>>> print(open('protein_7.txt').read())   # compact mmCIF, C-alpha atoms and all ligand atoms
# COMPACT_ATOMS: atom_id res chain seq x y z
CA MET C 215 112.44 76.07 73.92
CA GLY C 216 110.57 74.82 76.96
CA ALA C 217 108.57 76.61 79.59
CA ILE C 218 109.96 79.20 82.02
CA PHE C 219 108.74 78.64 85.59
CA VAL C 220 108.71 81.78 87.74
CA ALA C 221 108.28 80.50 91.30
CA GLY C 222 106.72 83.27 93.39
CA HIS C 223 105.23 85.26 90.51
CA GLY C 224 102.75 86.97 92.82
CA GLY C 225 105.50 88.69 94.81
CA LEU C 226 107.50 91.88 94.32
CA VAL C 227 110.40 90.16 92.53
CA GLY C 228 108.48 87.41 90.73
CA SER C 229 105.92 89.81 89.26
CA ALA C 230 108.72 92.06 87.98
CA ILE C 231 110.47 89.07 86.36
CA VAL C 232 107.18 88.12 84.68
CA ARG C 233 106.77 91.68 83.31
CA ARG C 234 110.34 91.63 82.04
CA LEU C 235 109.97 88.22 80.34
CA GLN C 236 106.70 89.37 78.75
CA SER C 237 108.26 92.53 77.37
CA ALA C 238 111.23 90.49 76.07
CA GLY C 239 108.79 88.35 74.05
CA PHE C 240 108.77 85.24 76.28
CA GLY C 241 105.18 85.66 77.50
CA ASP C 242 103.96 82.50 75.79
CA ARG C 243 106.61 80.39 77.57
CA LEU C 244 105.65 81.46 81.09
CA LEU C 245 104.64 78.73 83.52
CA LEU C 246 102.99 80.17 86.65
CA ARG C 247 101.22 78.67 89.66
CA THR C 248 99.50 80.51 92.49
CA ARG C 249 100.10 79.47 96.09
CA ALA C 250 96.67 77.81 96.12
CA GLU C 251 97.55 75.80 93.01
CA LEU C 252 101.01 74.70 94.16
CA ASP C 253 102.42 74.84 97.69
CA LEU C 254 106.17 75.27 97.12
CA MET C 255 106.90 73.98 100.63
CA ASP C 256 105.31 70.63 99.71
CA ALA C 257 108.23 68.68 98.23
CA THR C 258 106.02 65.92 96.76
CA ALA C 259 103.64 68.35 95.07
CA VAL C 260 106.58 70.30 93.66
CA ARG C 261 108.24 67.14 92.34
CA VAL C 262 105.01 65.99 90.64
CA PHE C 263 104.57 69.46 89.12
CA PHE C 264 108.12 69.48 87.69
CA GLU C 265 107.79 65.94 86.32
CA ARG C 266 104.57 66.86 84.55
CA GLU C 267 105.52 70.32 83.24
CA ARG C 268 109.27 69.83 82.60
CA PRO C 269 110.18 73.54 82.56
CA SER C 270 113.49 74.41 80.91
CA GLN C 271 114.25 77.46 83.07
CA VAL C 272 113.39 78.27 86.68
CA TYR C 273 113.49 81.66 88.43
CA LEU C 274 113.29 80.83 92.15
CA ALA C 275 111.84 84.13 93.40
CA ALA C 276 109.48 82.58 95.95
CA ALA C 277 110.42 83.33 99.54
CA LYS C 278 109.04 84.42 102.86
CA VAL C 279 110.29 87.99 103.16
CA GLY C 280 109.71 90.94 105.47
CA GLY C 281 111.17 94.00 107.13
CA ILE C 282 113.32 94.25 110.21
CA LEU C 283 110.49 93.87 112.75
CA ALA C 284 108.84 90.86 111.04
CA ASN C 285 112.22 89.11 110.75
CA ASP C 286 113.02 89.80 114.38
CA THR C 287 109.58 88.64 115.61
CA PHE C 288 108.97 85.51 113.50
CA PRO C 289 112.44 83.97 112.93
CA ALA C 290 111.11 80.39 112.99
CA ASP C 291 108.72 81.11 110.10
CA PHE C 292 111.46 82.81 108.09
CA ILE C 293 113.98 79.98 108.39
CA ARG C 294 111.51 77.11 108.03
CA GLU C 295 109.50 78.37 105.07
CA ASN C 296 112.55 79.46 103.09
CA LEU C 297 114.43 76.19 103.68
CA LEU C 298 111.40 74.17 102.60
CA ILE C 299 110.86 76.20 99.41
CA GLU C 300 114.55 76.02 98.46
CA THR C 301 114.98 72.29 99.08
CA SER C 302 111.72 71.38 97.31
CA VAL C 303 112.25 73.49 94.22
CA ILE C 304 115.99 72.91 93.73
CA HIS C 305 115.68 69.13 94.19
CA ALA C 306 112.67 68.89 91.85
CA ALA C 307 114.45 71.04 89.24
CA HIS C 308 117.42 68.66 89.43
CA LEU C 309 115.25 65.54 89.05
CA ALA C 310 113.40 67.11 86.09
CA LYS C 311 116.74 68.07 84.51
CA VAL C 312 115.96 71.76 83.96
CA ASP C 313 118.39 73.60 81.70
CA LYS C 314 119.03 76.33 84.28
CA LEU C 315 117.83 77.59 87.64
CA LEU C 316 118.34 81.07 89.08
CA PHE C 317 118.10 81.34 92.87
CA LEU C 318 117.47 84.72 94.49
CA GLY C 319 119.15 85.46 97.79
CA SER C 320 119.56 88.71 99.68
CA SER C 321 122.31 91.09 100.77
CA CYS C 322 121.63 90.17 104.42
CA ILE C 323 123.57 86.93 103.85
CA TYR C 324 126.78 88.91 104.37
CA PRO C 325 128.37 89.47 107.79
CA ARG C 326 127.10 92.44 109.80
CA MET C 327 130.55 94.01 109.76
CA ALA C 328 131.50 93.11 106.18
CA PRO C 329 133.82 95.48 104.28
CA GLN C 330 131.88 98.11 102.29
CA PRO C 331 131.05 97.88 99.45
CA ILE C 332 130.51 94.16 100.12
CA PRO C 333 132.20 91.77 97.66
CA GLU C 334 130.75 88.32 97.04
CA SER C 335 133.86 86.88 98.74
CA ALA C 336 132.66 88.27 102.12
CA LEU C 337 130.16 85.41 102.41
CA LEU C 338 130.70 83.34 105.60
CA THR C 339 133.61 85.44 106.85
CA GLY C 340 131.92 86.79 110.00
CA ALA C 341 128.90 86.92 112.30
CA LEU C 342 125.49 87.87 110.87
CA GLU C 343 123.19 90.75 111.84
CA PRO C 344 121.01 89.22 114.60
CA THR C 345 117.68 90.85 113.57
CA ASN C 346 117.51 88.75 110.38
CA SER C 347 119.96 85.89 110.94
CA ALA C 348 117.27 83.17 110.58
CA TYR C 349 116.30 84.47 107.14
CA ALA C 350 119.96 84.99 106.19
CA ILE C 351 120.92 81.42 107.16
CA ALA C 352 118.06 80.03 105.06
CA LYS C 353 119.32 82.09 102.09
CA ILE C 354 122.93 80.98 102.71
CA ALA C 355 121.61 77.40 102.69
CA GLY C 356 120.08 78.18 99.28
CA ILE C 357 123.45 79.32 97.94
CA GLU C 358 125.05 76.16 99.31
CA LEU C 359 122.30 74.02 97.72
CA VAL C 360 123.06 75.64 94.37
CA ARG C 361 126.79 74.99 94.81
CA ALA C 362 126.22 71.41 96.01
CA TYR C 363 123.81 70.42 93.20
CA LYS C 364 126.21 71.97 90.73
CA LYS C 365 129.17 70.04 92.15
CA GLN C 366 127.49 66.67 92.77
CA HIS C 367 124.98 66.61 89.91
CA GLY C 368 126.40 69.08 87.40
CA MET C 369 123.22 71.13 87.66
CA ASN C 370 123.31 74.48 85.86
CA ALA C 371 122.23 76.86 88.60
CA ILE C 372 123.26 80.33 89.76
CA SER C 373 122.70 82.47 92.86
CA VAL C 374 121.86 86.16 92.55
CA MET C 375 122.12 88.48 95.60
CA PRO C 376 120.01 91.62 95.29
CA THR C 377 120.34 94.56 97.62
CA ASN C 378 117.24 96.12 99.32
CA LEU C 379 114.43 96.20 96.75
CA TYR C 380 111.37 98.37 96.20
CA GLY C 381 108.80 99.05 93.51
CA PRO C 382 105.26 98.28 92.35
CA GLY C 383 103.69 95.31 94.11
CA ASP C 384 105.63 95.88 97.32
CA ASN C 385 104.17 95.16 100.78
CA PHE C 386 102.90 98.37 102.44
CA ASP C 387 101.80 96.78 105.72
CA LEU C 388 103.51 98.79 108.46
CA ASN C 389 104.30 95.79 110.69
CA SER C 390 105.83 93.54 108.06
CA SER C 391 107.11 95.83 105.29
CA HIS C 392 110.58 97.14 104.54
CA VAL C 393 111.51 100.75 105.19
CA LEU C 394 110.79 102.34 101.80
CA PRO C 395 107.12 101.32 101.40
CA ALA C 396 106.55 101.88 105.14
CA LEU C 397 107.78 105.48 105.01
CA MET C 398 105.90 106.15 101.77
CA ARG C 399 102.66 105.07 103.39
CA LYS C 400 103.34 106.92 106.66
CA PHE C 401 104.19 110.22 104.93
CA LEU C 402 101.24 109.96 102.55
CA GLU C 403 98.74 109.26 105.33
CA ALA C 404 100.25 111.98 107.52
CA LYS C 405 99.84 114.50 104.69
CA GLU C 406 96.28 113.40 104.01
CA HIS C 407 95.31 113.61 107.69
CA GLY C 408 97.21 116.84 108.31
CA LEU C 409 99.51 115.26 110.93
CA ALA C 410 102.49 117.29 112.19
CA GLU C 411 104.94 114.39 112.57
CA VAL C 412 105.89 110.97 111.29
CA SER C 413 107.74 108.27 113.21
CA VAL C 414 110.89 106.88 111.58
CA TRP C 415 112.28 103.76 113.27
CA GLY C 416 115.77 103.69 114.73
CA SER C 417 118.33 106.48 114.60
CA GLY C 418 118.13 107.35 110.89
CA SER C 419 121.86 106.77 110.52
CA PRO C 420 121.95 103.20 109.06
CA ARG C 421 122.79 103.21 105.38
CA ARG C 422 120.99 101.12 102.78
CA GLU C 423 121.15 100.70 99.02
CA PHE C 424 117.82 100.65 97.13
CA LEU C 425 117.33 98.87 93.81
CA HIS C 426 114.14 99.21 91.79
CA VAL C 427 112.67 95.77 91.22
CA ASP C 428 112.36 96.39 87.45
CA ASP C 429 116.15 96.84 87.37
CA LEU C 430 116.57 93.60 89.33
CA ALA C 431 114.26 91.74 86.93
CA GLU C 432 116.26 92.99 83.96
CA ALA C 433 119.48 91.86 85.67
CA CYS C 434 118.02 88.41 86.40
CA VAL C 435 117.01 87.82 82.77
CA PHE C 436 120.46 89.09 81.72
CA LEU C 437 122.23 86.74 84.17
CA MET C 438 120.07 83.75 83.18
CA ASP C 439 121.57 84.26 79.74
CA ARG C 440 125.13 85.34 80.53
CA TYR C 441 126.29 84.00 83.88
CA ASP C 442 127.11 80.40 84.78
CA GLY C 443 129.52 80.94 87.68
CA GLY C 444 129.35 78.82 90.80
CA GLU C 445 129.71 81.81 93.11
CA PRO C 446 126.84 84.19 93.92
CA ILE C 447 126.68 87.48 92.05
CA ASN C 448 125.60 90.78 93.63
CA VAL C 449 122.97 93.04 92.06
CA GLY C 450 122.78 96.62 93.30
CA VAL C 451 123.05 100.22 92.19
CA GLY C 452 126.51 100.90 93.64
CA GLU C 453 125.50 103.71 96.01
CA ASP C 454 123.62 103.98 99.28
CA VAL C 455 121.76 106.59 101.36
CA SER C 456 121.13 107.00 105.08
CA ILE C 457 117.62 106.21 106.34
CA ARG C 458 117.31 109.92 107.18
CA GLU C 459 118.14 110.87 103.58
CA LEU C 460 115.71 108.27 102.29
CA ALA C 461 112.98 109.64 104.56
CA GLU C 462 113.64 113.20 103.34
CA THR C 463 113.49 112.09 99.70
CA ILE C 464 110.18 110.29 100.25
CA ALA C 465 108.73 113.22 102.23
CA ARG C 466 109.58 115.54 99.32
CA ALA C 467 108.02 113.16 96.77
CA VAL C 468 104.84 112.95 98.84
CA GLY C 469 104.74 116.66 99.71
CA PHE C 470 104.77 116.10 103.48
CA GLU C 471 106.02 119.20 105.24
CA GLY C 472 105.85 118.12 108.89
CA ARG C 473 108.56 116.75 111.17
CA MET C 474 110.28 113.38 111.39
CA VAL C 475 110.65 111.82 114.83
CA PHE C 476 113.20 109.04 115.27
CA ASP C 477 111.91 106.14 117.39
CA ALA C 478 114.86 104.74 119.35
CA THR C 479 112.79 101.81 120.67
CA LYS C 480 112.95 100.26 117.19
CA PRO C 481 116.12 98.50 115.94
CA ASP C 482 118.62 100.01 113.49
CA GLY C 483 119.75 96.63 112.22
CA THR C 484 122.99 96.40 110.31
CA PRO C 485 124.84 99.77 110.13
CA ARG C 486 125.54 99.62 106.41
CA LYS C 487 124.73 97.31 103.50
CA LEU C 488 126.22 98.43 100.18
CA LEU C 489 127.02 95.77 97.60
CA ASP C 490 130.14 95.66 95.49
CA VAL C 491 128.68 95.27 92.00
CA SER C 492 131.93 95.16 90.03
CA ARG C 493 131.45 91.51 89.00
CA LEU C 494 128.10 92.43 87.42
CA THR C 495 129.42 95.66 85.90
CA GLN C 496 132.23 93.69 84.23
CA LEU C 497 129.62 91.47 82.60
CA GLY C 498 128.12 94.64 81.10
CA TRP C 499 125.02 95.34 83.20
CA ARG C 500 124.21 98.33 85.40
CA ALA C 501 121.08 99.66 87.10
CA LYS C 502 119.22 102.40 85.26
CA ILE C 503 116.45 103.66 87.54
CA ALA C 504 117.53 106.57 89.79
CA LEU C 505 116.14 106.47 93.34
CA VAL C 506 114.06 109.69 92.99
CA ASP C 507 112.47 108.43 89.78
CA GLY C 508 111.82 104.98 91.24
CA ILE C 509 110.23 106.54 94.32
CA ALA C 510 107.98 108.75 92.16
CA ALA C 511 106.85 105.75 90.08
CA THR C 512 106.25 103.59 93.16
CA LEU C 513 104.25 106.38 94.80
CA GLU C 514 102.08 106.63 91.70
CA TRP C 515 101.55 102.85 91.76
CA TYR C 516 100.69 102.90 95.47
CA ARG C 517 98.20 105.75 95.08
CA ALA C 518 96.43 103.79 92.33
CA HIS C 519 96.45 100.38 94.05
CA ARG C 520 96.09 100.84 97.79
P1 LIG C 601 116.79 95.77 106.81
O1 LIG C 601 117.48 96.37 105.63
O2 LIG C 601 116.83 94.29 106.83
O3 LIG C 601 117.28 96.36 108.11
O4 LIG C 601 115.21 96.06 106.67
P2 LIG C 601 114.20 97.32 106.73
O5 LIG C 601 113.98 97.83 105.37
O6 LIG C 601 112.99 96.82 107.47
O7 LIG C 601 114.89 98.45 107.64
C1 LIG C 601 115.94 99.25 107.19
C2 LIG C 601 116.20 100.37 108.17
O8 LIG C 601 115.13 101.32 108.10
C3 LIG C 601 116.30 99.95 109.64
O9 LIG C 601 117.34 100.72 110.23
C4 LIG C 601 114.96 100.37 110.20
O10 LIG C 601 114.97 100.64 111.60
C5 LIG C 601 114.71 101.67 109.42
N1 LIG C 601 113.31 102.13 109.40
C6 LIG C 601 112.90 103.40 109.69
N2 LIG C 601 111.57 103.50 109.66
C7 LIG C 601 111.10 102.27 109.32
C8 LIG C 601 109.79 101.74 109.14
O11 LIG C 601 108.77 102.42 109.28
N3 LIG C 601 109.70 100.42 108.77
C9 LIG C 601 110.81 99.63 108.59
N4 LIG C 601 110.65 98.34 108.21
N5 LIG C 601 112.06 100.10 108.81
C10 LIG C 601 112.21 101.40 109.15
>>> encode(input="protein_7.txt", output="structure tokens", more="lines below")
Ligand code: GDP
Amino acid sequence: MGAIFVAGHGGLVGSAIVRRLQSAGFGDRLLLRTRAELDLMDATAVRVFFERERPSQVYLAAAKVGGILANDTFPADFIRENLLIETSVIHAAHLAKVDKLLFLGSSCIYPRMAPQPIPESALLTGALEPTNSAYAIAKIAGIELVRAYKKQHGMNAISVMPTNLYGPGDNFDLNSSHVLPALMRKFLEAKEHGLAEVSVWGSGSPRREFLHVDDLAEACVFLMDRYDGGEPINVGVGEDVSIRELAETIARAVGFEGRMVFDATKPDGTPRKLLDVSRLTQLGWRAKIALVDGIAATLEWYRAHR
């Protein structure tokens, strides 16, 4: 068996896939490159790398990602960088004849007003949420690249759509992070500094589904093995919470006893984003890490690594 290239192994998803492959006994097959060693947006460098290393499997977990404010503020960066990474890596993987490539998308590819829970068939049936449409269109282009290379070149590639993720290695920067790490940091610092209140963006009523990244990594390794379908496949936990409920759960985990203040100057984004995971469940996989347990473990990680 050849090497397994995890593109983006320094990130939240890539690092979890590496841990999962190591614990499954594939550690000696891992092929990893830092951003300094290989710029995934540089198509020539990526092609030369693939020709030299000839990996057999590719997990395409590299992406420019961020929370609602970062997406809304830097849409040009989000669309450009993701398109460049996807086109470089997928084309090079095709030329080097990899056995299989797994592309990671995002649940924001679905229309803002998609039916809930969102089936894979909702893709391209309606208008996108404007706060992250640039990122979403880049990820939709990735799905179409996978379909196109499969159709024209017979490439064995699949697209996996995870819901909102969290876990060790997440980004805790308040301007660019997603909601879960942001609130964890805000509540922790408020408790440590004895503050009476914490600001929660938006109205608190949007609903989101949160998947621990170790669950996602397990699902990815499972799907690399078991799924060859041309259509994307959702990965989620099958239930969601409101942002208010999430904030209360994190406040309890941290031990913050002050007030939450909802900041209406910040966007709510899409009202609800719950994935229909029946396709994945039928294949025999389901998420195992409950939100409270995942939050406790992530808090422990953050305390040790900040
Ligand atoms: P989204 O799922 O793409 O909308 O990404 P986010 O994780 O950034 O935001 C999810 C929801 O949490 C939105 O309704 C945000 O307004 C809300 N939210 C509340 N407080 C925060 C915060 O401190 N940071 C972020 N990023 N979102 C927050």
>>> closest_residue(input="protein_7.txt", among="C:Gln366, C:Ser321, C:Ser413, C:Ser237", to="Pro333 (chain C)", atoms="all atoms listed in the file")
C:Ser321
>>> atom_distance(input="protein_7.txt", atom1="CA of Leu274 (chain C)", atom2="CA of Arg517 (chain C)")
29.3 Å
>>> residues_near_ligand(input="protein_7.txt", ligand="ligand LIG 601 (chain C)", cutoff="7 Å", atoms="all atoms listed in the file", output="list in words")
Gly281, Ile282, Leu283, Cys322, Asn346, Asn378, Leu388, Ser390, Ser391, His392, Val393, Leu394, Ala396, Leu397, Val414, Trp415, Gly416, Gly418, Pro420, Arg422, Ile457, Lys480, Pro481, Asp482, Gly483 and Thr484 of chain C
>>> atom_distance(input="protein_7.txt", atom1="CA of Leu235 (chain C)", atom2="CA of Glu445 (chain C)")
24.4 Å
>>> axis_aligned_box(input="protein_7.txt", around="region 468-478 of chain C", padding_each_side="8 Å", output="lines of an AutoDock Vina configuration file")
center_x = 109.8
center_y = 112.0
center_z = 109.1
size_x = 26.1
size_y = 30.5
size_z = 36.5
>>> residues_around(input="protein_7.txt", residues="Ala404 (chain C)", least_positions_apart="4", cutoff="12 Å", atoms="only C-alpha atoms", output="PDB file with C-alpha atoms, in the frame of the given file")
ATOM      1  CA  LEU C 397     107.780 105.480 105.010  1.00  0.00           C
ATOM      2  CA  MET C 398     105.900 106.150 101.770  1.00  0.00           C
ATOM      3  CA  ARG C 399     102.660 105.070 103.390  1.00  0.00           C
ATOM      4  CA  LYS C 400     103.340 106.920 106.660  1.00  0.00           C
ATOM      5  CA  GLY C 408      97.210 116.840 108.310  1.00  0.00           C
ATOM      6  CA  LEU C 409      99.510 115.260 110.930  1.00  0.00           C
ATOM      7  CA  ALA C 410     102.490 117.290 112.190  1.00  0.00           C
ATOM      8  CA  GLU C 411     104.940 114.390 112.570  1.00  0.00           C
ATOM      9  CA  VAL C 412     105.890 110.970 111.290  1.00  0.00           C
ATOM     10  CA  SER C 413     107.740 108.270 113.210  1.00  0.00           C
ATOM     11  CA  ALA C 465     108.730 113.220 102.230  1.00  0.00           C
ATOM     12  CA  VAL C 468     104.840 112.950  98.840  1.00  0.00           C
ATOM     13  CA  GLY C 469     104.740 116.660  99.710  1.00  0.00           C
ATOM     14  CA  PHE C 470     104.770 116.100 103.480  1.00  0.00           C
ATOM     15  CA  GLU C 471     106.020 119.200 105.240  1.00  0.00           C
ATOM     16  CA  GLY C 472     105.850 118.120 108.890  1.00  0.00           C
ATOM     17  CA  ARG C 473     108.560 116.750 111.170  1.00  0.00           C
ATOM     18  CA  MET C 474     110.280 113.380 111.390  1.00  0.00           C
TER      19      MET C 474
END
>>> closest_residue(input="protein_7.txt", among="C:Ala431, C:Val475, C:Ala510, C:Val360", to="Ser229 (chain C)", atoms="all atoms listed in the file")
C:Ala431
>>> closest_residue(input="protein_7.txt", among="C:Phe240, C:Phe401, C:Tyr349, C:Phe264", to="Ala284 (chain C)", atoms="only C-alpha atoms")
C:Tyr349
>>> residues_around(input="protein_7.txt", residues="Glu358 (chain C)", least_positions_apart="2", cutoff="12 Å", atoms="only C-alpha atoms", output="PyMOL selection string")
chain C and resi 297+300-301+304+317+319+323+337-338+351-356+360-366+371-373+444-446
>>> atom_distance(input="protein_7.txt", atom1="CA of Ile231 (chain C)", atom2="CA of Gly443 (chain C)")
20.8 Å
>>> residues_around(input="protein_7.txt", residues="Glu267 (chain C)", least_positions_apart="4", cutoff="9 Å", atoms="all atoms listed in the file", output="JSON list (two decimals) with C-alpha atoms, keeping the file's coordinate frame")
[["chain", "number", "residue", "atom", "x", "y", "z"],
["C", 217, "ALA", "CA", 108.57, 76.61, 79.59],
["C", 245, "LEU", "CA", 104.64, 78.73, 83.52],
["C", 262, "VAL", "CA", 105.01, 65.99, 90.64],
["C", 263, "PHE", "CA", 104.57, 69.46, 89.12],
["C", 310, "ALA", "CA", 113.40, 67.11, 86.09]]
>>> residues_near_point(input="protein_7.txt", point="(123.8, 97.3, 94.1)", cutoff="6 Å", atoms="all atoms listed in the file", output="ChimeraX atom specification")
/C:377,449-452,489,491
>>> residues_around(input="protein_7.txt", residues="Arg326 (chain C)", least_positions_apart="4", cutoff="9 Å", atoms="only C-alpha atoms", output="list in words")
Cys322, Gly340, Ala341, Leu342, Glu343, Pro344, Gly483, Thr484, Pro485, Arg486 and Lys487 of chain C
>>> residues_around(input="protein_7.txt", residues="Pro382 (chain C)", least_positions_apart="3", cutoff="9 Å", atoms="only C-alpha atoms", output="PyMOL selection string")
chain C and resi 226+230+426-428+511-516
>>> closest_residue(input="protein_7.txt", among="C:Val312, C:Val435, C:Ile447, C:Ala290", to="Ala336 (chain C)", atoms="only C-alpha atoms")
C:Ile447
